[in-house]
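Undergrad: Handing over run08.csv, CSV, C-alpha atoms.
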chain,number,residue,atom,x,y,z
F,889,ALA,CA,126.4,94.2,69.9
F,890,LEU,CA,128.7,96.7,68.2
F,891,GLU,CA,127.6,95.6,64.8
F,892,ALA,CA,123.9,96.3,65.6
F,893,PHE,CA,124.7,99.4,67.8
F,894,PRO,CA,127.8,101.1,66.4
F,895,MET,CA,127.4,104.0,68.8
F,896,LEU,CA,128.3,101.8,71.8
F,897,ARG,CA,131.6,102.2,73.4
F,898,ALA,CA,133.7,99.0,72.9
F,899,HIS,CA,135.7,99.6,76.2
F,900,ASN,CA,134.5,97.1,78.8
F,901,LEU,CA,131.8,95.7,76.6
F,902,ALA,CA,131.5,92.0,77.4
F,903,GLY,CA,128.7,91.0,75.0
F,904,GLY,CA,125.0,91.3,74.3
F,905,VAL,CA,121.8,89.3,74.6
F,906,VAL,CA,118.9,89.4,72.2
F,907,TYR,CA,115.4,89.3,73.7
F,908,PHE,CA,112.0,90.0,72.2
F,909,ASP,CA,109.2,92.3,73.6
F,910,GLY,CA,105.8,93.5,72.5
F,911,GLN,CA,104.8,97.0,71.6
F,912,GLN,CA,101.5,98.7,71.1
F,913,ASP,CA,100.2,102.2,70.3
F,914,ASP,CA,98.1,102.6,73.4
F,915,THR,CA,96.6,105.9,72.3
F,916,ARG,CA,95.3,104.5,69.0
F,917,MET,CA,94.0,101.4,70.9
F,918,ASN,CA,92.2,103.5,73.4
F,919,ILE,CA,90.6,105.7,70.7
F,920,ALA,CA,89.5,102.6,68.8
F,921,LEU,CA,88.1,101.1,72.0
F,922,VAL,CA,86.0,104.2,72.8
F,923,LEU,CA,84.8,104.6,69.2
F,924,THR,CA,83.8,100.9,69.1
F,925,ALA,CA,81.9,101.2,72.4
F,926,ILE,CA,80.1,104.3,71.2
F,927,GLN,CA,79.1,102.4,68.0
F,928,TYR,CA,77.5,99.7,70.2
F,929,GLY,CA,75.5,102.2,72.2
F,930,ALA,CA,77.9,103.3,75.0
F,931,VAL,CA,78.1,107.0,76.0
F,932,ALA,CA,81.6,108.3,76.5
F,933,ALA,CA,82.6,111.3,78.6
F,934,ASN,CA,85.9,113.1,79.0
F,935,HIS,CA,87.1,115.2,81.9
F,936,THR,CA,85.1,113.1,84.4
F,937,GLU,CA,86.1,111.5,87.7
F,938,VAL,CA,84.5,108.6,89.6
F,939,VAL,CA,83.7,109.9,93.1
F,940,ALA,CA,81.7,106.8,94.2
F,941,LEU,CA,80.6,103.4,93.1
F,942,ASN,CA,76.9,102.7,93.2
F,943,LYS,CA,75.9,99.3,94.5
F,944,THR,CA,72.8,97.2,95.0
F,945,PRO,CA,71.3,97.6,98.5
F,946,ALA,CA,71.3,94.8,101.0
F,947,GLY,CA,68.1,92.8,101.3
F,948,GLY,CA,67.0,93.0,97.6
F,949,ASP,CA,66.6,90.2,95.1
F,950,ASP,CA,69.9,91.1,93.5
F,951,LYS,CA,73.2,90.2,95.2
F,952,PRO,CA,73.8,92.9,97.9
F,953,GLY,CA,76.8,95.1,97.2
F,954,ARG,CA,77.0,94.4,93.5
F,955,ILE,CA,78.4,97.4,91.5
F,956,ILE,CA,75.6,98.8,89.2
F,957,GLY,CA,77.1,102.1,88.2
F,958,ALA,CA,79.1,105.1,89.5
F,959,ARG,CA,78.7,108.7,90.6
F,960,LEU,CA,80.8,110.9,88.3
F,961,ARG,CA,82.0,114.5,88.6
F,962,ASP,CA,82.4,116.7,85.5
F,963,MET,CA,85.8,118.2,86.2
F,964,LEU,CA,85.0,121.2,84.0
F,965,THR,CA,81.7,122.2,85.7
F,966,GLY,CA,81.9,120.4,89.0
F,967,GLU,CA,78.4,118.9,88.3
F,968,GLU,CA,77.9,115.4,89.7
F,969,PHE,CA,75.7,112.7,88.1
F,970,ASP,CA,75.0,109.0,88.3
F,971,VAL,CA,75.5,106.5,85.5
F,972,LYS,CA,74.1,102.9,85.4
F,973,ALA,CA,76.1,100.0,84.2
F,974,LYS,CA,75.8,96.2,83.9
F,975,GLY,CA,79.5,96.1,84.5
F,976,VAL,CA,82.3,98.4,85.6
F,977,VAL,CA,85.8,98.0,84.2
F,978,ASN,CA,88.6,99.4,86.3
F,979,ALA,CA,90.9,100.7,83.5
F,980,THR,CA,92.4,103.6,85.5
F,981,GLY,CA,96.1,102.7,85.2
F,982,PRO,CA,98.1,104.0,88.2
F,983,PHE,CA,94.8,105.1,89.9
F,984,CYS,CA,93.3,101.6,90.0
F,985,ASP,CA,94.0,101.2,93.8
F,986,ALA,CA,91.9,104.3,94.6
F,987,LEU,CA,88.9,102.9,92.6
F,988,ARG,CA,89.3,99.5,94.2
F,989,LYS,CA,89.2,101.1,97.6
F,990,MET,CA,85.9,102.7,96.7
F,991,ASP,CA,84.5,99.2,96.3
F,992,ASP,CA,86.4,97.7,99.3
F,993,PRO,CA,88.2,100.1,101.6
F,994,THR,CA,90.1,97.2,103.1
F,995,SER,CA,91.7,96.1,99.8
F,996,ALA,CA,95.5,96.1,99.7
F,997,ASP,CA,97.3,98.2,97.1
F,998,ILE,CA,98.4,96.2,94.1
F,999,VAL,CA,100.1,98.9,92.0
F,1000,SER,CA,103.5,100.4,92.7
F,1001,PRO,CA,103.3,103.8,91.0
F,1002,SER,CA,106.4,105.0,89.3
F,1003,SER,CA,107.7,107.6,86.9
F,1004,GLY,CA,110.5,107.6,84.4
F,1005,VAL,CA,112.0,109.6,81.5
F,1006,HIS,CA,111.5,108.7,77.9
F,1007,VAL,CA,113.1,110.7,75.0
F,1008,THR,CA,112.6,110.2,71.3
F,1009,PHE,CA,115.7,110.1,69.0
F,1010,PRO,CA,116.1,109.5,65.3
F,1011,GLY,CA,115.6,105.9,64.2
F,1012,TYR,CA,119.2,105.2,63.5
F,1013,PHE,CA,119.9,104.9,67.2
F,1014,SER,CA,118.4,101.4,67.1
F,1015,PRO,CA,118.2,99.0,64.2
F,1016,ARG,CA,114.7,98.1,63.0
F,1017,GLY,CA,113.2,95.4,65.1
F,1018,MET,CA,115.9,95.4,67.8
F,1019,GLY,CA,116.4,97.3,71.0
F,1020,LEU,CA,119.2,97.8,73.4
F,1021,LEU,CA,119.0,97.4,77.2
F,1022,ASP,CA,121.9,98.3,79.5
F,1023,PRO,CA,121.2,96.7,83.0
F,1024,ALA,CA,124.3,98.2,84.7
F,1025,THR,CA,124.5,102.0,84.3
F,1026,SER,CA,126.8,104.0,86.5
F,1027,ASP,CA,123.9,105.1,88.7
F,1028,GLY,CA,122.5,101.6,89.1
F,1029,ARG,CA,119.4,102.0,86.8
F,1030,VAL,CA,118.6,100.3,83.6
F,1031,ILE,CA,118.6,102.3,80.3
F,1032,PHE,CA,117.0,101.2,77.1
F,1033,PHE,CA,116.8,102.2,73.4
F,1034,LEU,CA,113.8,100.7,71.6
F,1035,PRO,CA,112.6,101.2,68.0
F,1036,TRP,CA,109.2,102.9,67.9
F,1037,GLN,CA,107.3,103.9,64.7
F,1038,GLY,CA,110.5,104.8,62.7
F,1039,ALA,CA,112.2,106.5,65.7
F,1040,THR,CA,114.0,105.4,68.8
F,1041,ILE,CA,112.7,105.8,72.3
F,1042,ALA,CA,115.3,106.0,75.0
F,1043,GLY,CA,114.6,105.9,78.7
F,1044,THR,CA,115.5,104.8,82.2
F,1045,THR,CA,113.8,102.5,84.6
F,1046,ASP,CA,111.2,104.1,86.7
F,1047,VAL,CA,111.6,105.4,90.2
F,1048,ALA,CA,108.8,105.2,92.9
F,1049,ALA,CA,106.3,108.0,92.7
F,1050,LYS,CA,103.3,109.1,94.6
F,1051,VAL,CA,100.0,109.1,92.6
F,1052,GLU,CA,97.3,111.5,93.8
F,1053,PRO,CA,93.8,110.3,92.7
Step by step, read the file and then write its structure as structure tokens.
TA:
Amino acid sequence: ALEAFPMLRAHNLAGGVVYFDGQQDDTRMNIALVLTAIQYGAVAANHTEVVALNKTPAGGDDKPGRIIGARLRDMLTGEEFDVKAKGVVNATGPFCDALRKMDDPTSADIVSPSSGVHVTFPGYFSPRGMGLLDPATSDGRVIFFLPWQGATIAGTTDVAAKVEP
């Protein structure tokens, strides 16, 4: 552990464990996803909010209650409009429970929203391809140092937080 992370304090250091994790550049992935969707005919809108899900009515030929689009609000102008869709993907991150409840108000929450702190340091704080995790800090949280695009991201485990849709 000290060889890989010479900035560690040797006092009370019992050892280390190597584990592997995955990383992705979520911003780049989301931009690529939106641009690909547009290339295939999708229309993208920013600064919009789903205010209701549109469903097929009961009694028609189609399955009653099937989601066929959404009512959106332009958050810059306040204007609301409907969009049609063959499918709706709930990719709303910490807000997914609010959207799920638009479909079924009785659905139970499945997300535990949280917040944490992440700071970027120079790359020499973690060797290339290897991170550090301390599961027993003095305040009971976990702290990590992970290599990220030539730098090191350091952070703590998350604490529960309230998410306002």
Undergrad: If I take CA of Phe969 (chain F) and CA of Ala940 (chain F), how far is one from the other in Å, to one decimal?
TA: 10.4 Å
Undergrad: CA of Gly910 (chain F) to CA of Thr1040 (chain F): how many Å, to one decimal?
TA: 14.9 Å
Undergrad: Report, in Å with one decimal, the straight-line distance from CA of Gly904 (chain F) to CA of Ala1024 (chain F).
TA: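 Calculated distance between CA of Gly904 (chain F) and CA of Ala1024 (chain F) is 12.5 Å.
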Undergrad: Which is closest to Asp970 (chain F) among F:Thr936, F:Thr994, F:Ser1002, F:Asn900, if we use all atoms listed in the file?
TA: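 Of F:Thr936, F:Thr994, F:Ser1002, F:Asn900, the one nearest Asp970 (chain F), counting all atoms listed in the file, is F:Thr936.
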Undergrad: Name all residues at most 12 Å from Pro1010 (chain F) (count only C-alpha atoms; drop same-chain ones fewer than 3 positions away) and give them as a PyMOL selection string.
TA: chain F and resi 1007+1013-1016+1033-1042
Undergrad: Using only C-alpha atoms, which of the listed residues (F:Pro894, F:Gly953, F:Gly1043, F:Pro1001) sits closest to Leu1021 (chain F)?
TA: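 Ranked by minimum distance to Leu1021 (chain F), first place goes to F:Gly1043.
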